[in-house]
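Next comes input.txt, with compact mmCIF, C-alpha atoms.
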# COMPACT_ATOMS: atom_id res chain seq x y z
CA MET E 1 -85.24 77.02 -143.38
CA THR E 2 -84.89 80.75 -143.98
CA ARG E 3 -81.49 82.41 -144.05
CA GLU E 4 -82.22 84.08 -140.70
CA ASN E 5 -83.23 80.73 -139.17
CA ALA E 6 -80.05 79.14 -140.53
CA ILE E 7 -77.91 81.85 -138.92
CA ALA E 8 -79.71 81.47 -135.59
CA PHE E 9 -79.38 77.67 -135.77
CA ILE E 10 -75.61 77.89 -136.30
CA GLU E 11 -75.13 80.59 -133.65
CA ASN E 12 -77.03 78.54 -131.06
CA SER E 13 -75.41 75.21 -131.91
CA ASP E 14 -72.55 73.67 -129.94
CA SER E 15 -71.21 72.05 -133.13
CA GLU E 16 -67.99 73.39 -134.63
CA PHE E 17 -68.70 72.05 -138.14
CA PHE E 18 -71.63 72.38 -140.53
CA ARG E 19 -72.82 71.23 -143.92
CA TYR E 20 -75.37 73.46 -145.64
CA GLY E 21 -77.21 74.30 -148.83
CA ASP E 22 -76.37 72.25 -151.91
CA LEU E 23 -72.72 71.95 -150.90
CA GLY E 24 -71.32 68.54 -150.12
CA TYR E 25 -68.49 69.64 -147.87
CA VAL E 26 -68.11 70.41 -144.20
CA THR E 27 -67.00 73.84 -143.07
CA SER E 28 -66.28 75.51 -139.76
CA LYS E 29 -68.88 77.36 -137.74
CA ALA E 30 -67.19 80.72 -138.40
CA ASN E 31 -67.06 80.13 -142.17
CA ALA E 32 -70.66 78.93 -142.32
CA LEU E 33 -71.85 82.01 -140.43
CA GLU E 34 -69.82 84.40 -142.57
CA ASP E 35 -71.02 82.87 -145.83
CA ILE E 36 -74.68 82.68 -144.93
CA GLN E 37 -74.67 86.19 -143.44
CA ASN E 38 -73.21 87.52 -146.70
CA MET E 39 -75.75 85.76 -148.92
CA GLU E 40 -78.81 87.43 -150.31
CA ASP E 41 -82.11 85.85 -149.26
CA GLU E 42 -82.82 84.89 -152.88
CA VAL E 43 -79.51 83.02 -153.12
CA TRP E 44 -80.13 81.13 -149.87
CA GLY E 45 -83.69 80.28 -150.84
CA ASP E 46 -84.96 77.59 -148.48
CA GLY E 47 -81.70 75.80 -147.74
CA ASP E 48 -80.87 73.41 -144.94
CA VAL E 49 -78.11 73.43 -142.34
CA LEU E 50 -76.81 70.24 -140.76
CA GLU E 51 -74.47 69.90 -137.82
CA ALA E 52 -71.38 67.80 -138.36
CA GLU E 53 -69.80 66.56 -135.15
CA GLN E 54 -66.60 65.78 -137.02
CA ALA E 55 -65.54 66.81 -140.48
CA PHE E 56 -66.55 63.82 -142.63
CA ASN E 57 -67.35 63.80 -146.31
CA GLU E 58 -70.18 61.95 -148.02
CA GLU E 59 -68.09 58.76 -148.27
CA GLY E 60 -67.56 58.72 -144.50
CA GLU E 61 -63.90 59.71 -144.80
CA GLN E 62 -62.52 62.58 -142.81
CA ASP E 63 -62.67 65.82 -144.80
CA HIS E 64 -59.57 67.92 -145.25
CA LEU E 65 -60.21 71.39 -143.92
CA TYR E 66 -58.15 73.83 -145.97
CA TYR E 67 -58.92 76.90 -143.89
CA GLU E 68 -55.38 77.69 -142.69
CA GLU E 69 -53.88 77.14 -146.13
CA ALA E 70 -56.56 79.37 -147.71
CA VAL E 71 -55.81 82.14 -145.20
CA LYS E 72 -52.09 81.88 -145.99
CA ILE E 73 -52.71 82.11 -149.74
CA LEU E 74 -55.04 85.10 -149.35
CA ASN E 75 -52.54 86.82 -147.06
CA ASN E 76 -49.78 86.30 -149.65
CA ALA E 77 -52.04 87.82 -152.30
CA GLN E 78 -52.97 90.69 -149.98
CA TRP E 79 -56.57 89.37 -149.97
CA LYS E 80 -57.00 90.06 -153.69
CA MET E 81 -58.58 87.26 -155.72
CA GLU E 82 -57.30 88.28 -159.16
CA PRO E 83 -53.71 87.00 -158.78
CA ILE E 84 -55.00 83.77 -157.21
CA ALA E 85 -57.70 83.24 -159.85
CA GLU E 86 -55.16 83.63 -162.65
CA LEU E 87 -53.32 80.54 -161.36
CA MET E 88 -56.42 78.44 -160.76
CA ASP E 89 -57.64 75.67 -163.02
CA ASP E 90 -60.29 77.31 -165.24
CA GLU E 91 -62.71 74.38 -165.07
CA ILE E 92 -62.60 74.09 -161.27
CA ARG E 93 -62.80 77.86 -160.79
CA GLU E 94 -65.83 78.27 -163.09
CA THR E 95 -67.61 75.25 -161.62
CA LEU E 96 -67.19 76.61 -158.11
CA HIS E 97 -68.23 80.08 -159.22
CA ASN E 98 -71.46 78.64 -160.61
CA GLU E 99 -72.12 76.37 -157.62
CA ILE E 100 -71.21 78.43 -154.56
CA SER E 101 -71.08 82.12 -155.45
CA PRO E 102 -71.75 84.46 -153.85
CA CYS E 103 -69.59 83.46 -150.93
CA SER E 104 -66.56 84.82 -149.14
CA ASP E 105 -63.18 84.75 -150.89
CA LEU E 106 -61.93 82.64 -147.99
CA LEU E 107 -64.54 79.94 -148.49
CA PHE E 108 -64.05 80.00 -152.26
CA VAL E 109 -60.29 79.46 -151.92
CA GLU E 110 -60.80 76.82 -149.22
CA ILE E 111 -63.10 74.77 -151.46
CA TYR E 112 -60.92 75.39 -154.51
CA LEU E 113 -57.91 73.92 -152.65
CA GLU E 114 -59.87 70.77 -151.89
CA GLN E 115 -61.14 70.39 -155.46
CA HIS E 116 -57.70 71.07 -156.95
CA GLU E 117 -56.12 68.37 -154.82
CA LYS E 118 -58.88 65.91 -155.75
CA LYS E 119 -58.41 66.59 -159.47
CA TYR E 120 -54.61 66.69 -159.65
CA GLY E 121 -53.51 64.71 -156.61
CA VAL E 122 -51.30 67.59 -155.46
CA LYS E 123 -51.90 70.74 -153.49
CA PHE E 124 -52.45 74.05 -155.26
CA ASP E 125 -49.24 76.07 -155.26
CA PHE E 126 -49.57 79.82 -154.99
CA SER E 127 -46.03 81.09 -154.54

Could you render the structure from this file as structure tokens?
Amino acid sequence: MTRENAIAFIENSDSEFFRYGDLGYVTSKANALEDIQNMEDEVWGDGDVLEAEQAFNEEGEQDHLYYEEAVKILNNAQWKMEPIAELMDDEIRETLHNEISPCSDLLFVEIYLEQHEKKYGVKFDFS
């Protein structure tokens, strides 16, 4: 599916959640649209988009959606990634950078929060 087809598919879908590309997480319709719209065609390649009626992960468990927490963290940092990145786990940050960039700062932080909690068992604290 081309990037343009993916955007049209999401825009015309009644689903509120999507899974796309090589990413194994579910994200909101708004986030999926923003990310795919901001990608270069070469980055998107020939990816797929799947509707997700509810936010479930690959194990069939309900996914945590970290959107509101990510917005709060970005607001506290005045939407600048540098102060947030300095507090992030280097391994998680670099892995995400290699796997999902380019993407919006919001999506990056949202996925980082999920990965941080999985690795450490506690939520990321940006105070």

> Which one of E:Val26, E:Ala77, E:Val49, E:Val43 sits closest to Glu11 in chain E if you count all atoms listed in the file?
Replying inline: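 Going through E:Val26, E:Ala77, E:Val49, E:Val43 one by one, the smallest distance to Glu11 in chain E is for E:Val49.
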
>> Just to confirm, what's the straight-line distance from CA of Leu87 in chain E to CA of Ser127 in chain E in Å (one decimal)?
In response: 10.0 Å

> If we count all atoms listed in the file, what is near range 4-10 of chain E at a cut-off of 7 Å, once residues fewer than 2 positions away on the same chain are taken out, given as a ChimeraX atom specification?
Replying inline: /E:1-2,12-13,29,33,36,49

>> What's the separation between CA of Glu42 in chain E and CA of Arg3 in chain E, in Å to one decimal place?
In response: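 Separating CA of Glu42 in chain E from CA of Arg3 in chain E is a distance of 9.3 Å.
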
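Across E:Asn75, E:Asn98, E:Ser104, E:Thr27, the tightest approach to Phe126 in chain E is made by E:Asn75 when counting only C-alpha atoms.
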
>> Given all atoms listed in the file as the basis, pick out the residue of E:Ile92, E:His97, E:His116, E:Asp105 nearest to Gln78 in chain E.
In response: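 Among E:Ile92, E:His97, E:His116, E:Asp105, it is E:Asp105 that comes nearest to Gln78 in chain E.
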
> Using all atoms listed in the file, which of E:Ala52, E:Leu74, E:Pro102, E:Asp89 sits nearest Met39 in chain E?
Replying inline: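 Using all atoms listed in the file, the shortest distance to Met39 in chain E belongs to E:Pro102.
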
>> Can you pull out the residues contacting range 109-111 of chain E? Cut-off 9 Å, using only C-alpha atoms, and skip same-chain residues under 5 positions away; I want them as a list in words.
In response: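 Contacts, with the query itself left out: Tyr25, Leu65, Tyr66, Tyr67, Glu68, Glu69, Ala70, Val71, Ile73, Leu74, Met81, Ile84, Leu96, Ser104 and His116 of chain E.
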
> Mind pulling up the distance from CA of Leu107 in chain E to CA of Ser15 in chain E?
Replying inline: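 Spanning CA of Ser15 in chain E to CA of Leu107 in chain E is a straight-line distance of 18.5 Å.
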
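Residues lying within 9 Å of Phe124 in chain E, counting all atoms listed in the file and ignoring same-chain neighbours fewer than 2 positions away, are Leu87, Met88, Tyr112, Leu113, Glu114, His116, Glu117, Tyr120, Val122 and Phe126 of chain E.
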
>> Which residue is closest to Asp125 in chain E? Choose from E:Gly45, E:Glu82, E:Glu91, E:Lys72 and count all atoms listed in the file.
In response: E:Lys72

> For Glu16 in chain E, which residue out of E:Asp46, E:Glu34, E:Asp41, E:Glu51 is the nearest one, using all atoms listed in the file?
Replying inline: E:Glu51

As a PDB file, in the coordinates of the input, the rebuilt range 90-119 of chain E with N, CA and C atoms:
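In the end it all went to result.pdb:
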ATOM      1  N   ASP E  90     -59.096  76.626-164.743  1.00  0.00           N
ATOM      2  CA  ASP E  90     -60.290  77.310-165.240  1.00  0.00           C
ATOM      3  C   ASP E  90     -61.566  76.513-164.976  1.00  0.00           C
ATOM      4  N   GLU E  91     -61.513  75.219-165.222  1.00  0.00           N
ATOM      5  CA  GLU E  91     -62.710  74.380-165.070  1.00  0.00           C
ATOM      6  C   GLU E  91     -63.168  74.341-163.611  1.00  0.00           C
ATOM      7  N   ILE E  92     -62.232  74.136-162.695  1.00  0.00           N
ATOM      8  CA  ILE E  92     -62.600  74.090-161.270  1.00  0.00           C
ATOM      9  C   ILE E  92     -63.122  75.450-160.827  1.00  0.00           C
ATOM     10  N   ARG E  93     -62.410  76.510-161.203  1.00  0.00           N
ATOM     11  CA  ARG E  93     -62.800  77.860-160.790  1.00  0.00           C
ATOM     12  C   ARG E  93     -64.208  78.194-161.267  1.00  0.00           C
ATOM     13  N   GLU E  94     -64.499  77.933-162.538  1.00  0.00           N
ATOM     14  CA  GLU E  94     -65.830  78.270-163.090  1.00  0.00           C
ATOM     15  C   GLU E  94     -66.923  77.399-162.480  1.00  0.00           C
ATOM     16  N   THR E  95     -66.622  76.134-162.247  1.00  0.00           N
ATOM     17  CA  THR E  95     -67.610  75.250-161.620  1.00  0.00           C
ATOM     18  C   THR E  95     -67.954  75.758-160.230  1.00  0.00           C
ATOM     19  N   LEU E  96     -66.939  76.096-159.454  1.00  0.00           N
ATOM     20  CA  LEU E  96     -67.190  76.610-158.110  1.00  0.00           C
ATOM     21  C   LEU E  96     -67.926  77.943-158.157  1.00  0.00           C
ATOM     22  N   HIS E  97     -67.539  78.789-159.092  1.00  0.00           N
ATOM     23  CA  HIS E  97     -68.230  80.080-159.220  1.00  0.00           C
ATOM     24  C   HIS E  97     -69.723  79.864-159.460  1.00  0.00           C
ATOM     25  N   ASN E  98     -70.052  78.910-160.314  1.00  0.00           N
ATOM     26  CA  ASN E  98     -71.460  78.640-160.610  1.00  0.00           C
ATOM     27  C   ASN E  98     -72.182  77.952-159.462  1.00  0.00           C
ATOM     28  N   GLU E  99     -71.474  77.150-158.677  1.00  0.00           N
ATOM     29  CA  GLU E  99     -72.120  76.370-157.620  1.00  0.00           C
ATOM     30  C   GLU E  99     -72.212  77.088-156.285  1.00  0.00           C
ATOM     31  N   ILE E 100     -71.223  77.899-155.928  1.00  0.00           N
ATOM     32  CA  ILE E 100     -71.210  78.430-154.560  1.00  0.00           C
ATOM     33  C   ILE E 100     -71.231  79.949-154.450  1.00  0.00           C
ATOM     34  N   SER E 101     -71.068  80.651-155.535  1.00  0.00           N
ATOM     35  CA  SER E 101     -71.080  82.120-155.450  1.00  0.00           C
ATOM     36  C   SER E 101     -72.515  82.608-155.300  1.00  0.00           C
ATOM     37  N   PRO E 102     -72.739  83.653-154.564  1.00  0.00           N
ATOM     38  CA  PRO E 102     -71.750  84.460-153.850  1.00  0.00           C
ATOM     39  C   PRO E 102     -71.359  83.796-152.528  1.00  0.00           C
ATOM     40  N   CYS E 103     -70.114  83.912-152.211  1.00  0.00           N
ATOM     41  CA  CYS E 103     -69.590  83.460-150.930  1.00  0.00           C
ATOM     42  C   CYS E 103     -68.337  84.278-150.644  1.00  0.00           C
ATOM     43  N   SER E 104     -67.772  84.078-149.478  1.00  0.00           N
ATOM     44  CA  SER E 104     -66.560  84.820-149.140  1.00  0.00           C
ATOM     45  C   SER E 104     -65.385  84.302-149.973  1.00  0.00           C
ATOM     46  N   ASP E 105     -64.393  85.162-150.191  1.00  0.00           N
ATOM     47  CA  ASP E 105     -63.180  84.750-150.890  1.00  0.00           C
ATOM     48  C   ASP E 105     -62.509  83.610-150.132  1.00  0.00           C
ATOM     49  N   LEU E 106     -62.557  83.674-148.810  1.00  0.00           N
ATOM     50  CA  LEU E 106     -61.930  82.640-147.990  1.00  0.00           C
ATOM     51  C   LEU E 106     -62.575  81.282-148.245  1.00  0.00           C
ATOM     52  N   LEU E 107     -63.880  81.219-148.245  1.00  0.00           N
ATOM     53  CA  LEU E 107     -64.540  79.940-148.490  1.00  0.00           C
ATOM     54  C   LEU E 107     -64.280  79.466-149.913  1.00  0.00           C
ATOM     55  N   PHE E 108     -64.295  80.377-150.872  1.00  0.00           N
ATOM     56  CA  PHE E 108     -64.050  80.000-152.260  1.00  0.00           C
ATOM     57  C   PHE E 108     -62.668  79.355-152.399  1.00  0.00           C
ATOM     58  N   VAL E 109     -61.651  79.988-151.822  1.00  0.00           N
ATOM     59  CA  VAL E 109     -60.290  79.460-151.920  1.00  0.00           C
ATOM     60  C   VAL E 109     -60.197  78.135-151.158  1.00  0.00           C
ATOM     61  N   GLU E 110     -60.829  78.052-150.012  1.00  0.00           N
ATOM     62  CA  GLU E 110     -60.800  76.820-149.220  1.00  0.00           C
ATOM     63  C   GLU E 110     -61.362  75.644-150.022  1.00  0.00           C
ATOM     64  N   ILE E 111     -62.485  75.848-150.669  1.00  0.00           N
ATOM     65  CA  ILE E 111     -63.100  74.770-151.460  1.00  0.00           C
ATOM     66  C   ILE E 111     -62.286  74.519-152.719  1.00  0.00           C
ATOM     67  N   TYR E 112     -61.758  75.570-153.326  1.00  0.00           N
ATOM     68  CA  TYR E 112     -60.920  75.390-154.510  1.00  0.00           C
ATOM     69  C   TYR E 112     -59.726  74.478-154.174  1.00  0.00           C
ATOM     70  N   LEU E 113     -59.077  74.721-153.040  1.00  0.00           N
ATOM     71  CA  LEU E 113     -57.910  73.920-152.650  1.00  0.00           C
ATOM     72  C   LEU E 113     -58.275  72.441-152.569  1.00  0.00           C
ATOM     73  N   GLU E 114     -59.418  72.163-151.995  1.00  0.00           N
ATOM     74  CA  GLU E 114     -59.870  70.770-151.890  1.00  0.00           C
ATOM     75  C   GLU E 114     -60.116  70.167-153.260  1.00  0.00           C
ATOM     76  N   GLN E 115     -60.814  70.903-154.126  1.00  0.00           N
ATOM     77  CA  GLN E 115     -61.140  70.390-155.460  1.00  0.00           C
ATOM     78  C   GLN E 115     -59.888  70.225-156.325  1.00  0.00           C
ATOM     79  N   HIS E 116     -58.953  71.154-156.200  1.00  0.00           N
ATOM     80  CA  HIS E 116     -57.700  71.070-156.950  1.00  0.00           C
ATOM     81  C   HIS E 116     -56.930  69.804-156.572  1.00  0.00           C
ATOM     82  N   GLU E 117     -56.838  69.551-155.277  1.00  0.00           N
ATOM     83  CA  GLU E 117     -56.120  68.370-154.820  1.00  0.00           C
ATOM     84  C   GLU E 117     -56.812  67.088-155.269  1.00  0.00           C
ATOM     85  N   LYS E 118     -58.139  67.094-155.271  1.00  0.00           N
ATOM     86  CA  LYS E 118     -58.880  65.910-155.750  1.00  0.00           C
ATOM     87  C   LYS E 118     -58.611  65.670-157.235  1.00  0.00           C
ATOM     88  N   LYS E 119     -58.584  66.729-158.024  1.00  0.00           N
ATOM     89  CA  LYS E 119     -58.410  66.590-159.470  1.00  0.00           C
ATOM     90  C   LYS E 119     -56.984  66.207-159.841  1.00  0.00           C
TER      91      LYS E 119
END
